[in-house]
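Visitor: Take a look at this one; I'll ask things after.
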Amino acid sequence: MSESILVIDDEFNFSTSLRSILEGNGYLVDVAATGSKAFALLQDRSYQAVLLDLVLPDLDGIEIAEHIARVRPDTAVIVLTGHASVASAIQALRCKASDYLCKPCPPELILQTVARALATVQMRINLERSERKFKLLADAAWDGMIICRENEVREINRQCLDLFGCTEEHLLGRNMEELFPGWRQNAPDPGSDAAGASVCFETEAVHGGRKTFPVEVKIKKLDDADPCAWVAAVRDLTASRQEELQRIQMQEKLVNAQRMESIGIMAGSVAHDLNNILSSIVTFPELLLLDMSTTEKYRKDIALIQQAGKQAAAVVADLLTVARGSTCSKEQCNLNTLLKDYSSSIDIQQLRRLHPGISFQLQLEANLPNIEASAIHITKSIINLVTNAAEAIGSEGKITIRTANRHLENPFDGYETIPPGRYAILSVQDTGPGIAGEALPHLFKPFFSKKEMGRSGTGLGLTVIWNTMRDHQGFIDIVSNGGGTRFDLYFPSSITLKSSEGETVFPIESLCGRGERILVVDDEESQRQITSSILNRLGYTACAVDNGEKAIEYIRHEPVDLLLLDMVMDPGISGYETYRRILQIQPDQRAVVASGYFNPEDQDRIRALGVSQYLTKPFSVTSLARAVQEEIRR
């Protein structure tokens with residue numbers, strides 16, 4: 001049966017488009033333009049999900065969210081608002097909203113969010129059913145009945161034959177300790193005077209004389225003149241133990257899904273604004289360093305400020321990767337090439353300085369096949385694994401980074417089951433103390449870390465690796481003991497062999513302009529100042545406006561060589577809509593798009609208009625210079 005969805009939004013065009021998108025994907029959709037209409041529909045009908053605008057003509061959307069959480073807790077609520085704020089995100093979180101999306105929002109992201117919310121609701125329903133089923137199993141009748149005297153089996157019912165896997169002749173006359181190894185420790189003394197009292201305990205029983213299985217035993221004296229005669233009711237707990245294990249696993253999945261929803265709501269609501277703020281901390285120091293000599297007194301201090309800004313931006317990026325997934329465009333690349341680039345990077349040089357007692361060895365298999373991958377996400381995984389290995393070793397030891405080509409003909413049971421196939425393997429092995437066995441099942445959970453938060457990472461490094469491997473259809477194996485730990489990342493390989501070398505790095509002087517006019521369109525004043533300063537420093541002529549409407553009017557009267565557009569601007573029209581309208585005035589107008597929070601879906605929409613250059617804030621001077629020059633020169 002198709003899921004029913006209620007759209008609550010007073011913008012007719014938006015709600016009509018949203019209804020068309022959802023119905024096109026098989027959902028049954030109702031629309032309410034006011035809060036009163038929404039309450040009427042919620043009273044008469046049942047919905048699996050509600051897409052809710054926070055600003056309605058007659059009610060606050062939060063009131064509706066609170067009502068749904070109270071009256072229909074199995075209905076997923078997804079907030080869709082054009083007035084995002086941290087305060088409203090926190091209110092939505094308290095109302096148990098499944099997600100918090102900012103308008104304008106790509107249709108693909110809406111469909112993905114709805115599917116994820118419905119899956120979480122179904123998981124919660126399944127958990128409740130599992131708990132009810134578990135209770136019914138616990139209240140069921142006993143399977144086997146045994147009458148014993150002085151711990152010797154005298155009578156049994158038919159169920160005992162299946163329970164113990166024996167014939168009646170084999171069971172009669174046997175001592176209860178042969179059937180229940182823990183009988184003596186749990187059962188009362190046969191001659192006890194506790195007439196009428198009953199004892200219930202769990203123990204192990206022996207099936208067929210060999211295999212043991214869990215049972216619950218309830219024993220009680222027979223109401224007759226024989227004080228040594230007892231009746232034992234025996235129930236096989238194998239099925240209920242499995243049900244309990246499944247219930248616990250489902251509970252963990254639900255808790256993890258809810259944790260991801262919470263992180264997603266907070267990360268999505270602050271990422272754009274926070275990256276705008278970080279742009280000042282990252283980019284202004286870079287501008288200062290360009291104009292300073294290497295012997296300047298404060299050069300080192302300014303570099304430290306810039307590095308702190310980059311680390312903060314990395315935390316935001318990790319949060320978004322964990323909350324939204326690491327889905328990204330992929331291309332043919334080679335693990336050997338990525339590792340060679342890493343071996344000469346600033347990251348490993350810094351590790352060598354921090355850990356002079358650790359040796360780093362690179363062992364690359366020749367003719368390693370290519371993989372379909374995102375180079376930036378794989379490099380991030382390498383950095384996280386090697387950094388963790390160095391911190392696990394401490395003072396002295398060895399880290400070995402190697403690649404291998406492996407063909408699995410049968411499933412391989414490691415940390416997770418790896419199906420048959422051809423794989424390119426990236427391994428990072430250290431000589432540290434190893435990982436405690438009880439910690440292994442929790443390694444990839446967000447913020448699970450034995451390190452001090454704030455001093456050695458974000459607590460999301462391994463979670464990012466897990467999400468990256470899932471996005472690449474890869475697998476992870478871990479081998480850990482007292483002699484160290486080895487992480488193996490299995491990537492499905494293609495038949496194409498070794499890839500080409502990485503891109504050439506150009507000096508900043510070769511990326512300067514020749515006075516070309518560039519219009520900067522951004523709603524943040526600090527961003528306009530930063531970007532204009534960089535462009536002027538690079539030899540371009542920069543001018544700026546604070547919204548899309550002003551940009552359109554500017555282009556009508558003064559053509560420019562290039563637009564530098566912010567993707568999300570509030571209030572006013574988005575960067576996408578701004579560029580679409582400008583193309584109607586200047587069909588050949590070129591543009592570079594920047595944003596503090598990019599989705600692959602956003603890139604697809606703007607790419608369809610002809611844009612090929614994208615910048616994620618905070619961006620460096622070099623990345624801006626390269627993007628601008630490539631767009632102007634193409």
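Please note that chains go A, B, ... in the order of the structure tokens, that every chain numbers its residues from 1, and that ligands are numbered from 1 in the order shown.
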So which residues touch Pro57 of chain A within 10 Å, counting only C-alpha atoms, skipping near sequence neighbours fewer than 4 positions away, as JSON, numbers by chain?

Guide: {"A": [9, 10, 33, 34, 35, 36, 61]}

Visitor: Determine, counting only C-alpha atoms, which protein, DNA and RNA residues have an atom within 7 Å of an atom of Met176 of chain A; residues of the same chain fewer than 4 positions away are not included. Present the result as a ChimeraX atom specification.

Guide: /A:151-153,180,183

Visitor: Atom CA of Ile401 of chain A and atom CA of Gly309 of chain A are how many Å apart?

Guide: 29.1 Å

Visitor: Let's see if you can do this: from backbone DSSP, list all strand (DSSP E or B) residues in segment 96-262 of chain A, as a PyMOL selection string.

Guide: chain A and resi 99-102+144-149+152-156+175+198-207+211-221+229-236

Visitor: Can I get the selection written as a short mmCIF file (atom, residue, chain, number, x, y, z; two decimals), in the first residue's frame, with N, CA and C atoms?

Guide:
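That gives us again_38.cif:
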data_model
loop_
_atom_site.label_atom_id
_atom_site.label_comp_id
_atom_site.auth_asym_id
_atom_site.auth_seq_id
_atom_site.Cartn_x
_atom_site.Cartn_y
_atom_site.Cartn_z
N ASP A 99 13.45 15.50 10.24
CA ASP A 99 14.50 16.24 9.54
C ASP A 99 14.08 17.71 9.42
N TYR A 100 15.03 18.54 9.00
CA TYR A 100 14.84 19.99 8.93
C TYR A 100 15.51 20.47 7.64
N LEU A 101 14.74 20.83 6.66
CA LEU A 101 15.26 21.22 5.37
C LEU A 101 14.96 22.70 5.08
N CYS A 102 15.91 23.33 4.39
CA CYS A 102 15.77 24.75 4.06
C CYS A 102 15.32 24.89 2.60
N GLY A 144 7.83 -28.70 27.98
CA GLY A 144 8.07 -30.05 28.51
C GLY A 144 7.71 -30.16 29.98
N MET A 145 7.21 -31.33 30.37
CA MET A 145 6.87 -31.58 31.78
C MET A 145 7.60 -32.83 32.24
N ILE A 146 8.26 -32.73 33.42
CA ILE A 146 9.00 -33.86 34.00
C ILE A 146 8.58 -34.03 35.45
N ILE A 147 8.25 -35.25 35.84
CA ILE A 147 8.02 -35.57 37.25
C ILE A 147 9.21 -36.39 37.72
N CYS A 148 9.84 -35.90 38.77
CA CYS A 148 11.03 -36.58 39.27
C CYS A 148 10.89 -36.85 40.77
N ARG A 149 11.62 -37.84 41.23
CA ARG A 149 11.66 -38.17 42.66
C ARG A 149 13.12 -38.39 43.03
N GLU A 152 15.49 -38.09 40.17
CA GLU A 152 15.46 -39.12 39.12
C GLU A 152 14.18 -38.96 38.30
N VAL A 153 14.31 -39.00 36.96
CA VAL A 153 13.17 -38.79 36.06
C VAL A 153 12.23 -40.00 36.16
N ARG A 154 10.95 -39.72 36.48
CA ARG A 154 9.96 -40.80 36.61
C ARG A 154 8.93 -40.75 35.48
N GLU A 155 8.48 -39.55 35.12
CA GLU A 155 7.49 -39.43 34.05
C GLU A 155 7.82 -38.19 33.20
N ILE A 156 7.45 -38.28 31.91
CA ILE A 156 7.66 -37.17 31.00
C ILE A 156 6.46 -37.08 30.06
N ASN A 175 19.27 -39.15 35.89
CA ASN A 175 19.40 -38.12 36.91
C ASN A 175 19.20 -36.75 36.28
N SER A 198 7.44 -22.68 44.88
CA SER A 198 7.96 -22.98 43.55
C SER A 198 9.24 -22.19 43.32
N VAL A 199 10.10 -22.75 42.49
CA VAL A 199 11.38 -22.13 42.17
C VAL A 199 11.50 -22.05 40.65
N CYS A 200 11.92 -20.88 40.16
CA CYS A 200 12.09 -20.69 38.71
C CYS A 200 13.51 -20.21 38.45
N PHE A 201 14.19 -20.81 37.49
CA PHE A 201 15.56 -20.40 37.17
C PHE A 201 15.86 -20.72 35.71
N GLU A 202 16.91 -20.07 35.19
CA GLU A 202 17.38 -20.34 33.84
C GLU A 202 18.71 -21.09 33.91
N THR A 203 18.86 -22.06 33.01
CA THR A 203 20.07 -22.87 32.99
C THR A 203 20.26 -23.44 31.59
N GLU A 204 21.20 -24.35 31.44
CA GLU A 204 21.44 -25.03 30.17
C GLU A 204 20.93 -26.46 30.26
N ALA A 205 20.35 -26.95 29.15
CA ALA A 205 19.91 -28.35 29.04
C ALA A 205 20.70 -29.01 27.93
N VAL A 206 20.77 -30.35 27.99
CA VAL A 206 21.57 -31.11 27.03
C VAL A 206 20.63 -31.78 26.02
N HIS A 207 20.85 -31.50 24.74
CA HIS A 207 20.05 -32.08 23.66
C HIS A 207 20.82 -33.22 23.01
N LYS A 211 24.77 -31.38 22.49
CA LYS A 211 24.58 -29.93 22.37
C LYS A 211 23.75 -29.38 23.52
N THR A 212 24.16 -28.23 24.03
CA THR A 212 23.40 -27.58 25.10
C THR A 212 22.55 -26.45 24.50
N PHE A 213 21.46 -26.13 25.17
CA PHE A 213 20.59 -25.04 24.74
C PHE A 213 19.98 -24.39 25.98
N PRO A 214 19.61 -23.12 25.90
CA PRO A 214 19.11 -22.42 27.09
C PRO A 214 17.66 -22.82 27.39
N VAL A 215 17.36 -22.99 28.68
CA VAL A 215 16.00 -23.33 29.10
C VAL A 215 15.64 -22.54 30.35
N GLU A 216 14.34 -22.41 30.55
CA GLU A 216 13.80 -21.89 31.80
C GLU A 216 13.07 -23.04 32.48
N VAL A 217 13.37 -23.26 33.77
CA VAL A 217 12.80 -24.38 34.52
C VAL A 217 12.02 -23.84 35.70
N LYS A 218 10.80 -24.30 35.84
CA LYS A 218 9.99 -23.96 36.99
C LYS A 218 9.63 -25.25 37.72
N ILE A 219 10.06 -25.38 38.96
CA ILE A 219 9.84 -26.62 39.71
C ILE A 219 8.96 -26.34 40.94
N LYS A 220 8.16 -27.35 41.26
CA LYS A 220 7.22 -27.21 42.38
C LYS A 220 6.94 -28.60 42.95
N LYS A 221 6.77 -28.69 44.27
CA LYS A 221 6.45 -29.98 44.89
C LYS A 221 5.08 -30.44 44.46
N ALA A 229 8.92 -35.83 45.78
CA ALA A 229 8.43 -35.81 44.40
C ALA A 229 8.19 -34.37 43.95
N TRP A 230 8.74 -34.03 42.76
CA TRP A 230 8.64 -32.67 42.23
C TRP A 230 8.20 -32.73 40.77
N VAL A 231 7.55 -31.67 40.32
CA VAL A 231 7.24 -31.53 38.91
C VAL A 231 8.05 -30.35 38.36
N ALA A 232 8.66 -30.58 37.20
CA ALA A 232 9.48 -29.54 36.56
C ALA A 232 8.88 -29.21 35.21
N ALA A 233 8.57 -27.92 35.00
CA ALA A 233 8.09 -27.43 33.70
C ALA A 233 9.29 -26.79 32.99
N VAL A 234 9.60 -27.28 31.79
CA VAL A 234 10.81 -26.87 31.07
C VAL A 234 10.42 -26.16 29.77
N ARG A 235 10.99 -25.00 29.56
CA ARG A 235 10.72 -24.27 28.33
C ARG A 235 12.01 -23.92 27.61
N ASP A 236 12.07 -24.23 26.31
CA ASP A 236 13.22 -23.92 25.48
C ASP A 236 13.26 -22.40 25.24
#

Visitor: With only C-alpha atoms as the counted atoms, please give the residues lying no more than 10 Å from segment 79-83 of chain A, apart from itself and same-chain residues fewer than 3 positions off, as a PyMOL selection string.

Guide: chain A and resi 7-9+50-55+61-62+65+76+88-89+92-93+97-105+110+265+570-571

Visitor: Do you have, as a Markdown table, the list of residues of segment 523-621 of chain A lying at most 9 Å from segment 276-294 of chain A, each with its nearest atom pair and that distance in Å to one decimal, counting only C-alpha atoms and ordered by chain then number?

Guide:
| residue | atom | partner | partner_atom | distance |
| --- | --- | --- | --- | --- |
| A:Glu524 | CA | A:Asn276 | CA | 7.6 |
| A:Ser526 | CA | A:Ser280 | CA | 7.1 |
| A:Gln527 | CA | A:Asn276 | CA | 6.8 |
| A:Ile530 | CA | A:Phe284 | CA | 6.9 |
| A:Thr531 | CA | A:Thr283 | CA | 8.8 |
| A:Ser533 | CA | A:Leu287 | CA | 8.5 |
| A:Ile534 | CA | A:Leu287 | CA | 7.2 |
| A:Arg537 | CA | A:Leu287 | CA | 8.4 |
| A:Ser595 | CA | A:Asn276 | CA | 8.3 |
| A:Gly596 | CA | A:Asn276 | CA | 6.1 |
| A:Lys617 | CA | A:Ser279 | CA | 6.3 |
| A:Pro618 | CA | A:Ser279 | CA | 4.3 |
| A:Phe619 | CA | A:Ser279 | CA | 6.9 |
| A:Ser620 | CA | A:Thr283 | CA | 5.9 |
| A:Val621 | CA | A:Thr283 | CA | 6.8 |

Visitor: Print the selection's residues with N, CA and C atoms to a file, as a short mmCIF file (atom, residue, chain, number, x, y, z; two decimals), in the first residue's frame.

Guide:
data_model
loop_
_atom_site.label_atom_id
_atom_site.label_comp_id
_atom_site.auth_asym_id
_atom_site.auth_seq_id
_atom_site.Cartn_x
_atom_site.Cartn_y
_atom_site.Cartn_z
N GLU A 524 25.98 38.01 2.60
CA GLU A 524 26.81 38.28 3.77
C GLU A 524 27.83 39.36 3.44
N SER A 526 30.51 40.32 5.08
CA SER A 526 31.90 39.88 5.24
C SER A 526 32.37 39.07 4.04
N GLN A 527 31.46 38.24 3.47
CA GLN A 527 31.82 37.45 2.31
C GLN A 527 32.08 38.34 1.10
N ILE A 530 35.53 39.93 1.68
CA ILE A 530 36.63 38.98 1.51
C ILE A 530 36.86 38.68 0.03
N THR A 531 35.78 38.31 -0.65
CA THR A 531 35.89 37.91 -2.05
C THR A 531 36.36 39.08 -2.92
N SER A 533 38.18 41.63 -1.99
CA SER A 533 39.59 41.89 -1.69
C SER A 533 40.49 40.90 -2.43
N ILE A 534 40.11 39.64 -2.43
CA ILE A 534 40.91 38.63 -3.12
C ILE A 534 40.97 38.92 -4.62
N ARG A 537 43.07 41.85 -5.40
CA ARG A 537 44.47 41.45 -5.20
C ARG A 537 44.99 40.62 -6.37
N SER A 595 29.08 28.29 -2.12
CA SER A 595 28.09 28.08 -1.07
C SER A 595 28.76 27.52 0.17
N GLY A 596 28.16 27.81 1.32
CA GLY A 596 28.65 27.23 2.57
C GLY A 596 28.14 25.82 2.80
N LYS A 617 32.57 27.10 0.60
CA LYS A 617 33.12 27.98 1.63
C LYS A 617 33.48 27.16 2.87
N PRO A 618 34.56 27.56 3.57
CA PRO A 618 35.51 28.63 3.23
C PRO A 618 36.49 28.16 2.16
N PHE A 619 36.72 28.97 1.12
CA PHE A 619 37.64 28.60 0.05
C PHE A 619 38.95 29.36 0.20
N SER A 620 40.00 28.81 -0.39
CA SER A 620 41.31 29.44 -0.32
C SER A 620 41.47 30.42 -1.48
N VAL A 621 42.51 31.26 -1.40
CA VAL A 621 42.80 32.20 -2.47
C VAL A 621 43.11 31.45 -3.76
#

Visitor: Do you know which residues are at most 12 Å from Gln473 of chain A counting only C-alpha atoms, after dropping those on the same chain fewer than 3 positions away, and could you put them as a PyMOL selection string?

Guide: chain A and resi 326-327+371-373+418-419+421+423+466-470+476+489-493

Visitor: May I have the selected residues written with N, CA and C atoms, as a PDB file, in the first residue's frame?

Guide:
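The resulting result_17.pdb:
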ATOM      1  N   SER A 326      27.904  10.628   2.472  1.00  0.00           N
ATOM      2  CA  SER A 326      29.033  11.161   1.715  1.00  0.00           C
ATOM      3  C   SER A 326      28.815  11.036   0.215  1.00  0.00           C
ATOM      4  N   THR A 327      27.553  10.916  -0.223  1.00  0.00           N
ATOM      5  CA  THR A 327      27.278  10.745  -1.643  1.00  0.00           C
ATOM      6  C   THR A 327      27.928  11.862  -2.452  1.00  0.00           C
ATOM      7  N   ILE A 371      39.721   2.159  -9.269  1.00  0.00           N
ATOM      8  CA  ILE A 371      38.415   2.060  -8.609  1.00  0.00           C
ATOM      9  C   ILE A 371      37.589   3.290  -8.995  1.00  0.00           C
ATOM     10  N   GLU A 372      36.270   3.142  -8.942  1.00  0.00           N
ATOM     11  CA  GLU A 372      35.372   4.285  -9.115  1.00  0.00           C
ATOM     12  C   GLU A 372      35.227   4.952  -7.754  1.00  0.00           C
ATOM     13  N   ALA A 373      35.760   6.147  -7.599  1.00  0.00           N
ATOM     14  CA  ALA A 373      35.803   6.725  -6.261  1.00  0.00           C
ATOM     15  C   ALA A 373      35.866   8.237  -6.305  1.00  0.00           C
ATOM     16  N   ILE A 418      32.297  -9.986   3.684  1.00  0.00           N
ATOM     17  CA  ILE A 418      32.648  -9.384   2.405  1.00  0.00           C
ATOM     18  C   ILE A 418      32.298 -10.375   1.302  1.00  0.00           C
ATOM     19  N   PRO A 419      31.418  -9.998   0.374  1.00  0.00           N
ATOM     20  CA  PRO A 419      30.977 -10.933  -0.664  1.00  0.00           C
ATOM     21  C   PRO A 419      32.081 -11.217  -1.676  1.00  0.00           C
ATOM     22  N   GLY A 421      34.241 -11.349  -5.102  1.00  0.00           N
ATOM     23  CA  GLY A 421      34.472 -10.313  -6.098  1.00  0.00           C
ATOM     24  C   GLY A 421      35.927  -9.901  -6.141  1.00  0.00           C
ATOM     25  N   TYR A 423      38.739  -6.949  -5.597  1.00  0.00           N
ATOM     26  CA  TYR A 423      38.864  -5.766  -4.748  1.00  0.00           C
ATOM     27  C   TYR A 423      40.277  -5.191  -4.816  1.00  0.00           C
ATOM     28  N   TRP A 466      33.302   4.953   7.639  1.00  0.00           N
ATOM     29  CA  TRP A 466      32.210   3.984   7.449  1.00  0.00           C
ATOM     30  C   TRP A 466      31.236   4.483   6.374  1.00  0.00           C
ATOM     31  N   ASN A 467      30.833   5.737   6.472  1.00  0.00           N
ATOM     32  CA  ASN A 467      29.906   6.294   5.481  1.00  0.00           C
ATOM     33  C   ASN A 467      30.532   6.338   4.087  1.00  0.00           C
ATOM     34  N   THR A 468      31.819   6.671   4.020  1.00  0.00           N
ATOM     35  CA  THR A 468      32.509   6.708   2.735  1.00  0.00           C
ATOM     36  C   THR A 468      32.538   5.324   2.097  1.00  0.00           C
ATOM     37  N   MET A 469      32.838   4.287   2.884  1.00  0.00           N
ATOM     38  CA  MET A 469      32.878   2.928   2.334  1.00  0.00           C
ATOM     39  C   MET A 469      31.496   2.485   1.876  1.00  0.00           C
ATOM     40  N   ARG A 470      30.456   2.885   2.604  1.00  0.00           N
ATOM     41  CA  ARG A 470      29.098   2.526   2.174  1.00  0.00           C
ATOM     42  C   ARG A 470      28.761   3.219   0.853  1.00  0.00           C
ATOM     43  N   ILE A 476      34.827  -3.146   5.183  1.00  0.00           N
ATOM     44  CA  ILE A 476      35.906  -2.904   6.141  1.00  0.00           C
ATOM     45  C   ILE A 476      36.189  -4.194   6.903  1.00  0.00           C
ATOM     46  N   LEU A 489      40.515  -1.656   3.950  1.00  0.00           N
ATOM     47  CA  LEU A 489      39.379  -1.102   3.219  1.00  0.00           C
ATOM     48  C   LEU A 489      39.289  -1.786   1.862  1.00  0.00           C
ATOM     49  N   TYR A 490      38.167  -2.473   1.605  1.00  0.00           N
ATOM     50  CA  TYR A 490      37.964  -3.223   0.362  1.00  0.00           C
ATOM     51  C   TYR A 490      37.136  -2.377  -0.610  1.00  0.00           C
ATOM     52  N   PHE A 491      37.748  -2.007  -1.755  1.00  0.00           N
ATOM     53  CA  PHE A 491      37.037  -1.248  -2.781  1.00  0.00           C
ATOM     54  C   PHE A 491      36.809  -2.143  -3.997  1.00  0.00           C
ATOM     55  N   PRO A 492      35.574  -2.238  -4.495  1.00  0.00           N
ATOM     56  CA  PRO A 492      35.354  -2.990  -5.743  1.00  0.00           C
ATOM     57  C   PRO A 492      36.199  -2.382  -6.852  1.00  0.00           C
ATOM     58  N   SER A 493      36.970  -3.228  -7.547  1.00  0.00           N
ATOM     59  CA  SER A 493      37.912  -2.715  -8.542  1.00  0.00           C
ATOM     60  C   SER A 493      37.368  -2.867  -9.945  1.00  0.00           C
TER      61      SER A 493
END

Visitor: Taking 4 positions as the minimum chain separation for residues in the same chain, which residues sit within 9 Å of Leu41 of chain A when counting only C-alpha atoms? Answer as a PDB file with N, CA and C atoms, in the first residue's frame.

Guide:
ATOM      1  N   LEU A   6       0.976  14.241   4.039  1.00  0.00           N
ATOM      2  CA  LEU A   6       0.273  15.519   4.123  1.00  0.00           C
ATOM      3  C   LEU A   6       1.272  16.651   3.969  1.00  0.00           C
ATOM      4  N   ASP A  30      -2.069  14.716   0.265  1.00  0.00           N
ATOM      5  CA  ASP A  30      -3.064  15.748   0.531  1.00  0.00           C
ATOM      6  C   ASP A  30      -2.323  17.044   0.826  1.00  0.00           C
ATOM      7  N   ALA A  32      -2.643  21.010   2.642  1.00  0.00           N
ATOM      8  CA  ALA A  32      -3.359  21.959   3.493  1.00  0.00           C
ATOM      9  C   ALA A  32      -2.600  23.278   3.473  1.00  0.00           C
ATOM     10  N   SER A  36      -5.605  25.293  10.365  1.00  0.00           N
ATOM     11  CA  SER A  36      -6.916  24.724  10.681  1.00  0.00           C
ATOM     12  C   SER A  36      -7.277  23.601   9.717  1.00  0.00           C
ATOM     13  N   LYS A  37      -6.971  23.791   8.443  1.00  0.00           N
ATOM     14  CA  LYS A  37      -7.217  22.729   7.462  1.00  0.00           C
ATOM     15  C   LYS A  37      -6.374  21.500   7.780  1.00  0.00           C
ATOM     16  N   ARG A  45      -7.946  11.588   8.898  1.00  0.00           N
ATOM     17  CA  ARG A  45      -7.157  10.626   8.141  1.00  0.00           C
ATOM     18  C   ARG A  45      -5.838  10.318   8.849  1.00  0.00           C
ATOM     19  N   SER A  46      -5.237   9.229   8.404  1.00  0.00           N
ATOM     20  CA  SER A  46      -3.953   8.798   8.967  1.00  0.00           C
ATOM     21  C   SER A  46      -2.869   8.993   7.921  1.00  0.00           C
TER      22      SER A  46
END

Visitor: So the first atom is atom CA of Ala544 of chain A and the second is atom CA of Ser532 of chain A; what is the distance between them in Å, to one decimal place?

Guide: 7.4 Å

Visitor: From the list A:Leu171, A:Ala119, A:Val545, A:Leu615, which residue is nearest Ala594 of chain A when using only C-alpha atoms?

Guide: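 Among the listed residues, the smallest separation from Ala594 of chain A belongs to A:Leu615.
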